[in-house]
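Pasting coords33.cif here (mmCIF, C-alpha atoms (C1' of nucleotides)):
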```
data_my_file
loop_
_atom_site.label_atom_id
_atom_site.label_comp_id
_atom_site.auth_asym_id
_atom_site.auth_seq_id
_atom_site.Cartn_x
_atom_site.Cartn_y
_atom_site.Cartn_z
CA MET A 17 31.40 -13.25 23.44
CA PRO A 18 30.13 -10.74 20.92
CA ILE A 19 26.77 -12.43 20.62
CA THR A 20 26.08 -12.33 24.32
CA HIS A 21 27.30 -8.79 24.36
CA HIS A 22 24.89 -7.80 21.63
CA ALA A 23 22.04 -9.55 23.34
CA THR A 24 22.82 -7.80 26.60
CA GLU A 25 22.96 -4.48 24.81
CA SER A 26 19.60 -5.04 23.15
CA ALA A 27 18.07 -6.14 26.43
CA ALA A 28 19.34 -2.99 28.10
CA ARG A 29 17.90 -0.83 25.35
CA LEU A 30 14.54 -2.54 25.69
CA ASN A 31 14.50 -2.11 29.46
CA ALA A 32 15.48 1.52 29.15
CA ALA A 33 12.53 2.03 26.83
CA GLY A 34 10.17 0.36 29.28
CA LEU A 35 9.65 -2.68 27.08
CA ARG A 36 9.94 -6.28 28.14
CA SER A 37 13.05 -7.99 26.91
CA THR A 38 11.88 -10.87 24.74
CA ALA A 39 13.75 -13.11 22.31
CA PRO A 40 11.93 -11.79 19.22
CA ARG A 41 12.62 -8.18 20.17
CA ARG A 42 16.27 -8.79 20.94
CA ALA A 43 16.68 -10.69 17.68
CA VAL A 44 15.07 -7.94 15.60
CA LEU A 45 17.10 -5.27 17.33
CA ASP A 46 20.30 -7.23 16.74
CA ALA A 47 19.44 -7.89 13.10
CA LEU A 48 18.95 -4.18 12.49
CA GLN A 49 22.12 -3.21 14.32
CA PRO A 50 24.56 -3.62 11.39
CA GLY A 51 22.96 -0.61 9.80
CA GLY A 52 20.78 -2.01 7.01
CA HIS A 53 17.24 -1.21 5.97
CA LEU A 54 15.15 -4.34 6.20
CA ASP A 55 11.44 -4.87 5.75
CA ALA A 56 9.23 -7.17 7.80
CA SER A 57 9.51 -10.12 5.40
CA GLU A 58 13.27 -9.88 5.19
CA LEU A 59 13.52 -9.87 8.96
CA TYR A 60 11.16 -12.80 9.20
CA GLU A 61 13.26 -14.83 6.74
CA ARG A 62 16.47 -14.03 8.57
CA LEU A 63 15.12 -14.80 12.01
CA ARG A 64 12.84 -17.77 11.50
CA ASN A 65 15.68 -20.19 12.24
CA GLU A 66 16.79 -18.32 15.29
CA LEU A 67 13.22 -17.92 16.52
CA PRO A 68 11.44 -21.26 16.15
CA GLY A 69 7.69 -20.83 15.96
CA THR A 70 7.76 -17.18 15.09
CA SER A 71 5.54 -15.66 12.42
CA LEU A 72 5.46 -12.69 10.13
CA GLN A 73 2.74 -11.16 12.26
CA ALA A 74 4.96 -11.45 15.31
CA ILE A 75 7.67 -9.56 13.46
CA TYR A 76 5.14 -6.86 12.60
CA GLY A 77 4.16 -6.67 16.24
CA VAL A 78 7.77 -6.37 17.35
CA LEU A 79 8.50 -3.71 14.75
CA THR A 80 5.48 -1.66 15.75
CA ALA A 81 6.49 -1.81 19.41
CA LEU A 82 10.11 -0.90 18.66
CA THR A 83 9.05 1.94 16.39
CA GLU A 84 6.70 3.38 18.98
CA ALA A 85 9.43 3.13 21.59
CA ASN A 86 11.71 4.95 19.18
CA LEU A 87 14.25 2.13 19.18
CA VAL A 88 13.96 1.70 15.43
CA ARG A 89 12.86 4.03 12.69
CA ARG A 90 10.35 3.13 10.02
CA VAL A 91 11.09 4.31 6.52
CA THR A 92 8.30 4.06 3.97
CA PRO A 93 9.59 4.36 0.41
CA ALA A 94 7.01 5.28 -2.19
CA GLY A 95 5.42 2.18 -3.63
CA GLY A 96 7.19 -0.35 -1.51
CA SER A 97 7.10 -2.08 1.83
CA ALA A 98 8.15 -0.31 5.02
CA ARG A 99 11.82 -0.66 5.86
CA TYR A 100 13.28 -0.45 9.35
CA GLU A 101 16.61 0.82 10.60
CA ALA A 102 18.25 0.89 14.01
CA ARG A 103 19.88 4.24 13.45
CA VAL A 104 17.69 6.64 15.37
CA GLY A 105 18.15 9.95 17.07
CA ASP A 106 20.14 11.65 14.37
CA ASN A 107 18.80 13.67 11.51
CA HIS A 108 19.96 11.57 8.60
CA HIS A 109 18.07 11.18 5.35
CA HIS A 110 17.81 8.65 2.53
CA LEU A 111 18.72 7.91 -1.03
CA LEU A 112 16.22 5.69 -2.82
CA CYS A 113 16.96 3.99 -6.14
CA ARG A 114 13.84 4.17 -8.28
CA SER A 115 14.92 1.09 -10.21
CA CYS A 116 15.95 -1.51 -7.62
CA GLY A 117 14.67 0.08 -4.43
CA ARG A 118 18.11 0.19 -2.81
CA LEU A 119 18.12 2.50 0.19
CA GLU A 120 21.15 4.30 1.59
CA ASP A 121 21.72 6.74 4.41
CA VAL A 122 22.97 10.26 3.92
CA PRO A 123 23.72 12.85 6.54
CA CYS A 124 21.52 15.92 6.56
CA ALA A 125 22.07 17.90 3.40
CA VAL A 126 23.29 21.25 4.66
CA GLY A 127 24.46 21.90 8.19
CA ALA A 128 22.60 20.77 11.24
CA ALA A 129 18.91 20.66 10.35
CA PRO A 130 17.97 23.36 7.86
CA CYS A 131 15.27 21.23 6.36
CA LEU A 132 13.47 21.28 9.70
CA THR A 133 12.43 24.87 9.11
CA PRO A 134 9.90 25.40 6.35
CA SER A 135 9.13 28.95 5.35
CA THR A 136 5.44 28.61 6.14
CA ASP A 137 3.84 26.15 8.49
CA HIS A 138 0.07 26.43 7.87
CA GLY A 139 -0.41 26.36 11.64
CA PHE A 140 1.30 22.98 11.99
CA SER A 141 3.51 22.24 14.96
CA ILE A 142 6.34 20.50 13.17
CA GLU A 143 8.05 17.61 14.89
CA SER A 144 10.36 16.20 12.25
CA ALA A 145 11.37 16.38 8.64
CA GLU A 146 11.94 13.51 6.28
CA VAL A 147 14.05 13.95 3.19
CA THR A 148 14.26 11.36 0.46
CA PHE A 149 16.47 11.73 -2.59
CA HIS A 150 15.24 9.83 -5.62
CA GLY A 151 17.49 8.66 -8.41
CA LEU A 152 19.43 5.71 -9.74
CA CYS A 153 22.06 3.83 -7.76
CA SER A 154 25.43 3.13 -9.36
CA ASP A 155 24.47 -0.41 -10.38
CA CYS A 156 21.20 0.59 -12.05
CA ALA A 157 22.76 3.63 -13.71
CA THR A 158 25.30 1.48 -15.57
CA THR A 159 22.86 -1.33 -16.32
CA GLY A 160 20.00 0.71 -17.75
CA MET B 25 -18.12 29.53 -19.66
CA PRO B 26 -15.63 28.56 -16.99
CA ILE B 27 -16.44 24.89 -17.30
CA THR B 28 -15.79 24.80 -21.00
CA HIS B 29 -12.68 26.84 -20.46
CA HIS B 30 -11.34 24.39 -17.93
CA ALA B 31 -12.13 21.45 -20.15
CA THR B 32 -10.35 23.07 -23.06
CA GLU B 33 -7.36 23.77 -20.88
CA SER B 34 -7.17 20.18 -19.68
CA ALA B 35 -7.55 18.88 -23.22
CA ALA B 36 -4.70 21.09 -24.34
CA ARG B 37 -2.49 19.87 -21.52
CA LEU B 38 -3.24 16.28 -22.42
CA ASN B 39 -2.49 16.83 -26.08
CA ALA B 40 0.73 18.61 -25.26
CA ALA B 41 1.79 15.60 -23.22
CA GLY B 42 0.98 13.25 -26.10
CA LEU B 43 -2.01 11.72 -24.34
CA ARG B 44 -5.45 11.29 -25.79
CA SER B 45 -8.00 13.67 -24.45
CA THR B 46 -10.67 11.56 -22.77
CA ALA B 47 -13.50 12.48 -20.44
CA PRO B 48 -12.04 10.64 -17.42
CA ARG B 49 -8.68 12.28 -17.86
CA ARG B 50 -10.10 15.75 -18.29
CA ALA B 51 -12.32 15.25 -15.25
CA VAL B 52 -9.45 14.10 -13.05
CA LEU B 53 -7.25 16.92 -14.22
CA ASP B 54 -10.00 19.45 -13.52
CA ALA B 55 -10.73 17.97 -10.11
CA LEU B 56 -7.08 18.31 -9.12
CA GLN B 57 -6.80 21.83 -10.47
CA PRO B 58 -8.05 23.68 -7.35
CA GLY B 59 -4.87 22.66 -5.59
CA GLY B 60 -5.93 19.83 -3.28
CA HIS B 61 -4.34 16.49 -2.53
CA LEU B 62 -6.81 13.74 -3.35
CA ASP B 63 -6.42 9.99 -3.36
CA ALA B 64 -7.88 7.60 -5.91
CA SER B 65 -11.00 6.83 -3.87
CA GLU B 66 -11.77 10.47 -3.21
CA LEU B 67 -11.48 11.24 -6.90
CA TYR B 68 -13.67 8.29 -7.73
CA GLU B 69 -16.38 9.48 -5.31
CA ARG B 70 -16.27 13.00 -6.68
CA LEU B 71 -16.36 11.99 -10.31
CA ARG B 72 -18.69 9.00 -10.40
CA ASN B 73 -21.68 11.25 -11.11
CA GLU B 74 -19.90 13.18 -13.78
CA LEU B 75 -18.51 10.01 -15.34
CA PRO B 76 -21.28 7.43 -15.56
CA GLY B 77 -19.93 3.93 -15.71
CA THR B 78 -16.50 4.74 -14.45
CA SER B 79 -14.73 2.64 -11.87
CA LEU B 80 -12.05 2.95 -9.27
CA GLN B 81 -9.68 1.01 -11.50
CA ALA B 82 -10.28 3.49 -14.28
CA ILE B 83 -9.29 6.29 -11.94
CA TYR B 84 -6.15 4.39 -11.05
CA GLY B 85 -5.38 4.00 -14.74
CA VAL B 86 -5.91 7.69 -15.38
CA LEU B 87 -3.77 8.67 -12.43
CA THR B 88 -0.95 6.40 -13.49
CA ALA B 89 -1.03 7.84 -17.01
CA LEU B 90 -1.14 11.42 -15.79
CA THR B 91 1.65 10.79 -13.31
CA GLU B 92 3.88 9.22 -15.95
CA ALA B 93 3.17 12.15 -18.26
CA ASN B 94 4.14 14.46 -15.41
CA LEU B 95 0.78 16.22 -15.46
CA VAL B 96 0.12 15.31 -11.86
CA ARG B 97 2.40 14.43 -8.99
CA ARG B 98 1.95 11.44 -6.75
CA VAL B 99 2.57 11.97 -3.06
CA THR B 100 2.80 8.89 -0.86
CA PRO B 101 2.43 9.73 2.81
CA ALA B 102 3.74 7.13 5.25
CA GLY B 103 1.02 4.66 6.11
CA GLY B 104 -1.67 6.04 3.87
CA SER B 105 -2.99 5.97 0.36
CA ALA B 106 -1.27 7.82 -2.45
CA ARG B 107 -2.46 11.40 -2.94
CA TYR B 108 -2.33 13.32 -6.19
CA GLU B 109 -1.82 17.00 -6.90
CA ALA B 110 -1.87 19.04 -10.09
CA ARG B 111 0.90 21.33 -8.96
CA VAL B 112 3.93 20.06 -10.81
CA GLY B 113 7.19 21.48 -12.02
CA ASP B 114 8.08 23.44 -8.93
CA ASN B 115 10.10 22.26 -5.98
CA HIS B 116 7.51 22.47 -3.27
CA HIS B 117 7.31 20.14 -0.30
CA HIS B 118 4.66 18.92 2.13
CA LEU B 119 3.38 19.15 5.65
CA LEU B 120 1.69 15.98 6.88
CA CYS B 121 -0.43 15.85 10.03
CA ARG B 122 0.33 12.61 11.86
CA SER B 123 -3.09 12.67 13.46
CA CYS B 124 -5.60 13.37 10.69
CA GLY B 125 -3.44 12.95 7.60
CA ARG B 126 -4.05 16.48 6.38
CA LEU B 127 -1.55 17.43 3.71
CA GLU B 128 -0.46 20.97 2.88
CA ASP B 129 2.02 22.47 0.45
CA VAL B 130 5.05 24.43 1.49
CA PRO B 131 7.61 26.13 -0.70
CA CYS B 132 11.12 24.75 -0.56
CA ALA B 133 12.59 25.32 2.88
CA VAL B 134 15.67 27.40 2.16
CA GLY B 135 16.37 29.16 -1.11
CA ALA B 136 16.02 27.49 -4.47
CA ALA B 137 16.73 23.80 -3.96
CA PRO B 138 19.30 23.22 -1.25
CA CYS B 139 17.81 19.90 -0.32
CA LEU B 140 18.64 18.63 -3.76
CA THR B 141 22.30 18.43 -2.85
CA PRO B 142 23.17 15.79 -0.30
CA SER B 143 26.70 15.76 1.08
CA THR B 144 27.39 12.22 -0.09
CA ASP B 145 25.64 10.38 -2.88
CA HIS B 146 26.82 6.73 -2.58
CA GLY B 147 27.24 6.73 -6.35
CA PHE B 148 23.60 7.60 -6.97
CA SER B 149 22.61 9.92 -9.78
CA ILE B 150 20.05 12.02 -7.97
CA GLU B 151 17.01 13.20 -9.88
CA SER B 152 14.79 14.76 -7.25
CA ALA B 153 14.32 15.31 -3.55
CA GLU B 154 11.18 14.89 -1.55
CA VAL B 155 10.77 16.66 1.76
CA THR B 156 7.95 15.89 4.17
CA PHE B 157 7.48 17.69 7.44
CA HIS B 158 5.65 15.67 10.06
CA GLY B 159 3.69 17.19 12.91
CA LEU B 160 0.24 18.18 14.05
CA CYS B 161 -2.03 20.50 12.15
CA SER B 162 -3.72 23.37 14.00
CA ASP B 163 -6.98 21.46 14.43
CA CYS B 164 -5.36 18.33 15.87
CA ALA B 165 -2.99 20.36 18.06
CA THR B 166 -5.88 22.02 19.87
CA THR B 167 -8.05 18.91 19.99
CA GLY B 168 -5.51 16.46 21.41
"C1'" DC C 1 7.48 -19.56 42.74
"C1'" DC C 2 3.08 -17.39 41.60
"C1'" DC C 3 0.36 -13.88 39.49
"C1'" DT C 4 -0.68 -10.17 36.62
"C1'" DT C 5 -0.17 -8.30 32.43
"C1'" DA C 6 2.32 -7.70 28.30
"C1'" DA C 7 3.72 -10.15 24.23
"C1'" DT C 8 3.29 -13.66 20.90
"C1'" DT C 9 0.91 -17.12 18.31
"C1'" DT C 10 -2.63 -18.48 15.21
"C1'" DG C 11 -5.95 -17.65 11.90
"C1'" DA C 12 -8.40 -14.59 9.22
"C1'" DA C 13 -9.64 -10.07 7.31
"C1'" DT C 14 -8.84 -5.50 5.27
"C1'" DC C 15 -7.06 -2.11 2.32
"C1'" DA C 16 -4.69 -0.03 -1.54
"C1'" DT C 17 -3.20 -1.23 -5.71
"C1'" DT C 18 -2.31 -3.98 -9.87
"C1'" DC C 19 -3.08 -7.49 -13.42
"C1'" DA C 20 -5.47 -9.36 -17.56
"C1'" DA C 21 -8.89 -9.93 -21.02
"C1'" DA C 22 -12.76 -7.90 -23.44
"C1'" DA C 23 -15.18 -3.81 -24.91
"C1'" DT C 24 -14.96 0.94 -26.25
"C1'" DA C 25 -13.58 5.41 -27.96
"C1'" DA C 26 -9.80 8.90 -30.01
"C1'" DG C 27 -8.23 10.85 -33.72
"C1'" DG C 28 -5.35 10.31 -38.10
"C1'" DG C 29 -6.10 9.01 -42.95
"C1'" DC C 30 -9.12 8.64 -46.76
"C1'" DG D 20 -17.76 12.58 -42.45
"C1'" DC D 21 -16.44 7.50 -42.00
"C1'" DC D 22 -13.07 3.71 -41.03
"C1'" DC D 23 -9.28 1.73 -38.97
"C1'" DT D 24 -5.64 1.29 -35.78
"C1'" DT D 25 -4.38 1.64 -31.30
"C1'" DA D 26 -4.77 3.70 -26.83
"C1'" DT D 27 -7.91 3.70 -23.13
"C1'" DT D 28 -11.47 2.14 -20.31
"C1'" DT D 29 -14.36 -1.37 -18.48
"C1'" DT D 30 -15.04 -5.52 -15.92
"C1'" DG D 31 -13.68 -8.98 -12.95
"C1'" DA D 32 -10.33 -10.97 -10.21
"C1'" DA D 33 -5.82 -11.32 -7.82
"C1'" DT D 34 -1.86 -9.73 -5.17
"C1'" DG D 35 0.77 -8.08 -1.38
"C1'" DA D 36 1.52 -5.44 2.70
"C1'" DT D 37 -0.42 -4.77 6.85
"C1'" DT D 38 -3.74 -5.13 10.63
"C1'" DC D 39 -7.34 -7.15 13.60
"C1'" DA D 40 -8.97 -10.40 17.19
"C1'" DA D 41 -9.05 -14.32 20.20
"C1'" DA D 42 -6.34 -17.70 22.55
"C1'" DT D 43 -1.91 -19.01 24.34
"C1'" DT D 44 2.46 -18.09 26.34
"C1'" DA D 45 6.12 -15.83 28.76
"C1'" DA D 46 8.24 -11.64 31.45
"C1'" DG D 47 9.40 -10.06 35.65
"C1'" DG D 48 7.62 -7.86 40.07
"C1'" DG D 49 6.03 -9.43 44.58
#
```

Target format structure tokens, applied to this file:
Amino acid sequence: MPITHHATESAARLNAAGLRSTAPRRAVLDALQPGGHLDASELYERLRNELPGTSLQAIYGVLTALTEANLVRRVTPAGGSARYEARVGDNHHHLLCRSCGRLEDVPCAVGAAPCLTPSTDHGFSIESAEVTFHGLCSDCATTG
Amino acid sequence: MPITHHATESAARLNAAGLRSTAPRRAVLDALQPGGHLDASELYERLRNELPGTSLQAIYGVLTALTEANLVRRVTPAGGSARYEARVGDNHHHLLCRSCGRLEDVPCAVGAAPCLTPSTDHGFSIESAEVTFHGLCSDCATTG
DNA sequence: CCCTTAATTTGAATCATTCAAAATAAGGGC
DNA sequence: GCCCTTATTTTGAATGATTCAAATTAAGGG
């Protein structure tokens, strides 16, 4: 009963966050669980069978709610659509392929969170740091 | 003759990069020189008097050319329009206010370029790292 | 089981950005 | 200094991600 288990888990997470447990939200949460980085359209394509009558706008609504509740994290690669991941709460960063847009996780570069401490802060109260490494993934490096 | 001086400087930079020296390009380069972070629309508004008959698309064209020639750097804050800065060639990063979108420069967090070395690279050949600190600027911190 | 309110559906609009064809201007060669 | 080639800009329109708003539906406490 892995499916039921997953669903239960997602429902629990939603309740804990003070959000109503709905089919679209559970489905999105489950789809992001394997650890990928999907955008709204990809999620919509994957879930439209499972969620009859859903729409892309509904997916956007779900993603906004989940992001605000901190259940998913929104990653916005330069010049592309926003991607979403279920891995939250840690300080991991990203590798972005400038050719194919592939996105991979990497643990924080050096130690715990050194990048969270800039040398000057211009009066900002800093809440988080986002690090993106740009380059070519293995596939694109050999191809081009 | 500071204006002429600036113009000459911009022309030289363009020539050095193998780009034709045109009025729109010199104007954009000059406008970015003071060190700000402007988006295409802001540049268009500032330069439309100076450049009669120009258009927003022309500004986009100029910015794309200058970015590809590495004369300006494109910064793409999450959920906003692309901003451009003339400061290139160093490894500085950015502070982004989540409330008003204000963008400030910061030197690299620790030492020379520690953030350029992730612990795992998933086979990527890494070319650059982009660090963005998110938080509230002094104005927004006191207001809200 | 009902009621209140949150969430989704449906349809349309907005915004940044890009595409494509026609007109123009840069700058090397004569 | 003028012409020619080609890059650049102009002009007009299209694309794609995302958001807005009103109407409908469903969650879950009482």

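Residues selected in this file by the PyMOL selection byres ((chain C) within 12 of (chain B)) comprise DC15, DA16, DT17, DT18, DC19, DT24, DA25, DA26 and DG27 of chain C.
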
Within 8 Å of chain D: residues of chain B, using all atoms listed in the file, as a list in words: Arg44, Thr78, Ser79 and Ala82 of chain B

Distance CA of Cys124 (chain B)-CA of Gly95 (chain A), one decimal place? 21.3 Å

Could you spell out the hits of the PyMOL selection byres ((chain A) within 7 of (chain B)) on the shown file, as a PyMOL selection string? chain A and resi 92+94+122-123+125+131+133-136+139-154

Mind fitting chain B onto chain A over all Cα atoms in sequence order and sending the result as a CSV table (one decimal) with C-alpha atoms, in the frame of the given file?
```csv
chain,number,residue,atom,x,y,z
B,25,MET,CA,31.4,-13.4,23.4
B,26,PRO,CA,30.1,-10.9,20.8
B,27,ILE,CA,26.8,-12.6,20.6
B,28,THR,CA,26.1,-12.5,24.3
B,29,HIS,CA,27.4,-8.9,24.3
B,30,HIS,CA,24.9,-7.9,21.6
B,31,ALA,CA,22.1,-9.7,23.3
B,32,THR,CA,22.9,-7.9,26.6
B,33,GLU,CA,23.0,-4.6,24.8
B,34,SER,CA,19.7,-5.1,23.2
B,35,ALA,CA,18.1,-6.2,26.4
B,36,ALA,CA,19.4,-3.1,28.1
B,37,ARG,CA,18.0,-0.9,25.4
B,38,LEU,CA,14.6,-2.6,25.7
B,39,ASN,CA,14.6,-2.2,29.5
B,40,ALA,CA,15.6,1.4,29.2
B,41,ALA,CA,12.6,2.0,26.9
B,42,GLY,CA,10.3,0.3,29.3
B,43,LEU,CA,9.7,-2.7,27.1
B,44,ARG,CA,10.0,-6.3,28.2
B,45,SER,CA,13.1,-8.1,26.9
B,46,THR,CA,11.9,-10.9,24.7
B,47,ALA,CA,13.8,-13.1,22.3
B,48,PRO,CA,12.0,-11.8,19.2
B,49,ARG,CA,12.6,-8.2,20.2
B,50,ARG,CA,16.3,-8.8,20.9
B,51,ALA,CA,16.7,-10.7,17.7
B,52,VAL,CA,15.1,-7.9,15.6
B,53,LEU,CA,17.1,-5.3,17.3
B,54,ASP,CA,20.3,-7.3,16.7
B,55,ALA,CA,19.5,-7.9,13.1
B,56,LEU,CA,19.0,-4.2,12.5
B,57,GLN,CA,22.1,-3.2,14.3
B,58,PRO,CA,24.6,-3.6,11.4
B,59,GLY,CA,23.0,-0.6,9.8
B,60,GLY,CA,20.8,-2.0,7.0
B,61,HIS,CA,17.2,-1.2,6.0
B,62,LEU,CA,15.1,-4.3,6.2
B,63,ASP,CA,11.4,-4.8,5.8
B,64,ALA,CA,9.2,-7.1,7.8
B,65,SER,CA,9.5,-10.0,5.4
B,66,GLU,CA,13.2,-9.8,5.2
B,67,LEU,CA,13.5,-9.8,9.0
B,68,TYR,CA,11.1,-12.7,9.2
B,69,GLU,CA,13.2,-14.8,6.7
B,70,ARG,CA,16.4,-14.0,8.5
B,71,LEU,CA,15.1,-14.8,12.0
B,72,ARG,CA,12.8,-17.7,11.4
B,73,ASN,CA,15.6,-20.2,12.2
B,74,GLU,CA,16.8,-18.3,15.2
B,75,LEU,CA,13.2,-17.9,16.5
B,76,PRO,CA,11.4,-21.2,16.1
B,77,GLY,CA,7.7,-20.8,15.9
B,78,THR,CA,7.7,-17.1,15.1
B,79,SER,CA,5.5,-15.6,12.4
B,80,LEU,CA,5.4,-12.6,10.1
B,81,GLN,CA,2.7,-11.1,12.3
B,82,ALA,CA,5.0,-11.4,15.3
B,83,ILE,CA,7.7,-9.5,13.5
B,84,TYR,CA,5.1,-6.8,12.6
B,85,GLY,CA,4.2,-6.6,16.3
B,86,VAL,CA,7.8,-6.4,17.4
B,87,LEU,CA,8.5,-3.7,14.8
B,88,THR,CA,5.5,-1.6,15.8
B,89,ALA,CA,6.5,-1.8,19.4
B,90,LEU,CA,10.1,-0.9,18.7
B,91,THR,CA,9.1,1.9,16.4
B,92,GLU,CA,6.7,3.4,19.0
B,93,ALA,CA,9.5,3.1,21.6
B,94,ASN,CA,11.8,4.9,19.2
B,95,LEU,CA,14.3,2.1,19.2
B,96,VAL,CA,14.0,1.7,15.5
B,97,ARG,CA,12.9,4.0,12.7
B,98,ARG,CA,10.3,3.2,10.1
B,99,VAL,CA,11.1,4.3,6.6
B,100,THR,CA,8.3,4.1,4.0
B,101,PRO,CA,9.6,4.4,0.5
B,102,ALA,CA,7.0,5.3,-2.2
B,103,GLY,CA,5.4,2.2,-3.6
B,104,GLY,CA,7.2,-0.3,-1.5
B,105,SER,CA,7.1,-2.0,1.9
B,106,ALA,CA,8.1,-0.3,5.1
B,107,ARG,CA,11.8,-0.6,5.9
B,108,TYR,CA,13.3,-0.4,9.4
B,109,GLU,CA,16.6,0.8,10.6
B,110,ALA,CA,18.3,0.9,14.0
B,111,ARG,CA,19.9,4.2,13.5
B,112,VAL,CA,17.7,6.6,15.4
B,113,GLY,CA,18.1,10.0,17.1
B,114,ASP,CA,20.1,11.7,14.4
B,115,ASN,CA,18.8,13.7,11.5
B,116,HIS,CA,19.9,11.6,8.6
B,117,HIS,CA,18.1,11.2,5.4
B,118,HIS,CA,17.8,8.7,2.6
B,119,LEU,CA,18.7,7.9,-1.0
B,120,LEU,CA,16.2,5.7,-2.8
B,121,CYS,CA,17.0,4.0,-6.1
B,122,ARG,CA,13.9,4.2,-8.3
B,123,SER,CA,14.9,1.1,-10.2
B,124,CYS,CA,16.0,-1.5,-7.6
B,125,GLY,CA,14.7,0.1,-4.4
B,126,ARG,CA,18.1,0.2,-2.8
B,127,LEU,CA,18.1,2.5,0.2
B,128,GLU,CA,21.1,4.3,1.6
B,129,ASP,CA,21.7,6.7,4.5
B,130,VAL,CA,22.9,10.3,4.0
B,131,PRO,CA,23.7,12.9,6.6
B,132,CYS,CA,21.5,15.9,6.6
B,133,ALA,CA,22.0,17.9,3.4
B,134,VAL,CA,23.2,21.3,4.7
B,135,GLY,CA,24.4,22.0,8.2
B,136,ALA,CA,22.5,20.8,11.3
B,137,ALA,CA,18.8,20.7,10.3
B,138,PRO,CA,17.9,23.4,7.8
B,139,CYS,CA,15.2,21.3,6.3
B,140,LEU,CA,13.4,21.3,9.6
B,141,THR,CA,12.4,24.9,9.0
B,142,PRO,CA,9.9,25.4,6.3
B,143,SER,CA,9.1,29.0,5.2
B,144,THR,CA,5.4,28.7,6.0
B,145,ASP,CA,3.8,26.2,8.3
B,146,HIS,CA,0.0,26.5,7.6
B,147,GLY,CA,-0.5,26.5,11.4
B,148,PHE,CA,1.2,23.1,11.8
B,149,SER,CA,3.4,22.3,14.8
B,150,ILE,CA,6.2,20.6,13.0
B,151,GLU,CA,7.9,17.7,14.8
B,152,SER,CA,10.3,16.3,12.2
B,153,ALA,CA,11.3,16.4,8.6
B,154,GLU,CA,11.9,13.5,6.3
B,155,VAL,CA,14.1,14.0,3.2
B,156,THR,CA,14.3,11.4,0.5
B,157,PHE,CA,16.5,11.7,-2.6
B,158,HIS,CA,15.3,9.8,-5.6
B,159,GLY,CA,17.5,8.6,-8.4
B,160,LEU,CA,19.5,5.7,-9.7
B,161,CYS,CA,22.1,3.8,-7.7
B,162,SER,CA,25.5,3.1,-9.3
B,163,ASP,CA,24.5,-0.4,-10.3
B,164,CYS,CA,21.2,0.5,-12.0
B,165,ALA,CA,22.8,3.6,-13.7
B,166,THR,CA,25.3,1.4,-15.5
B,167,THR,CA,22.9,-1.4,-16.2
B,168,GLY,CA,20.1,0.6,-17.7
```

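When only C-alpha atoms are used to compute distances to Leu90 (chain B), the closest of the residues B:Ser123, B:Asn115, B:Asn73, B:Asn39 turns out to be B:Asn39.
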
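The interatomic distance for the pair CA of Ile75 (chain A) and C1' of DT4 (chain C) works out to 24.6 Å.
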
A:Pro68, A:Gly117, A:Gly52, A:Gly34: which is nearest Ala102 (chain A), counting all atoms listed in the file?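 Closest to Ala102 (chain A), using all atoms listed in the file: A:Gly52.
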
Evaluate the PyMOL selection byres ((chain B and resi 94) around 12) against this structure - the residues, as a ChimeraX atom specification, please. /B:37-38,40-43,53,87-93,95-98,108-114

Quote the spacing between CA of Leu62 (chain B) and CA of Arg107 (chain B) in Å to one decimal place. 5.0 Å

Padding 5 Å on each side, edges along x, y and z: where is the centre of the box around the listed atoms of region 28-31 of chain D, and how long are its edges in Å to one decimal? Output it as AutoDock Vina command-line options.
```
--center_x -13.3 --center_y -3.4 --center_z -16.6 --size_x 13.6 --size_y 21.1 --size_z 17.4
```
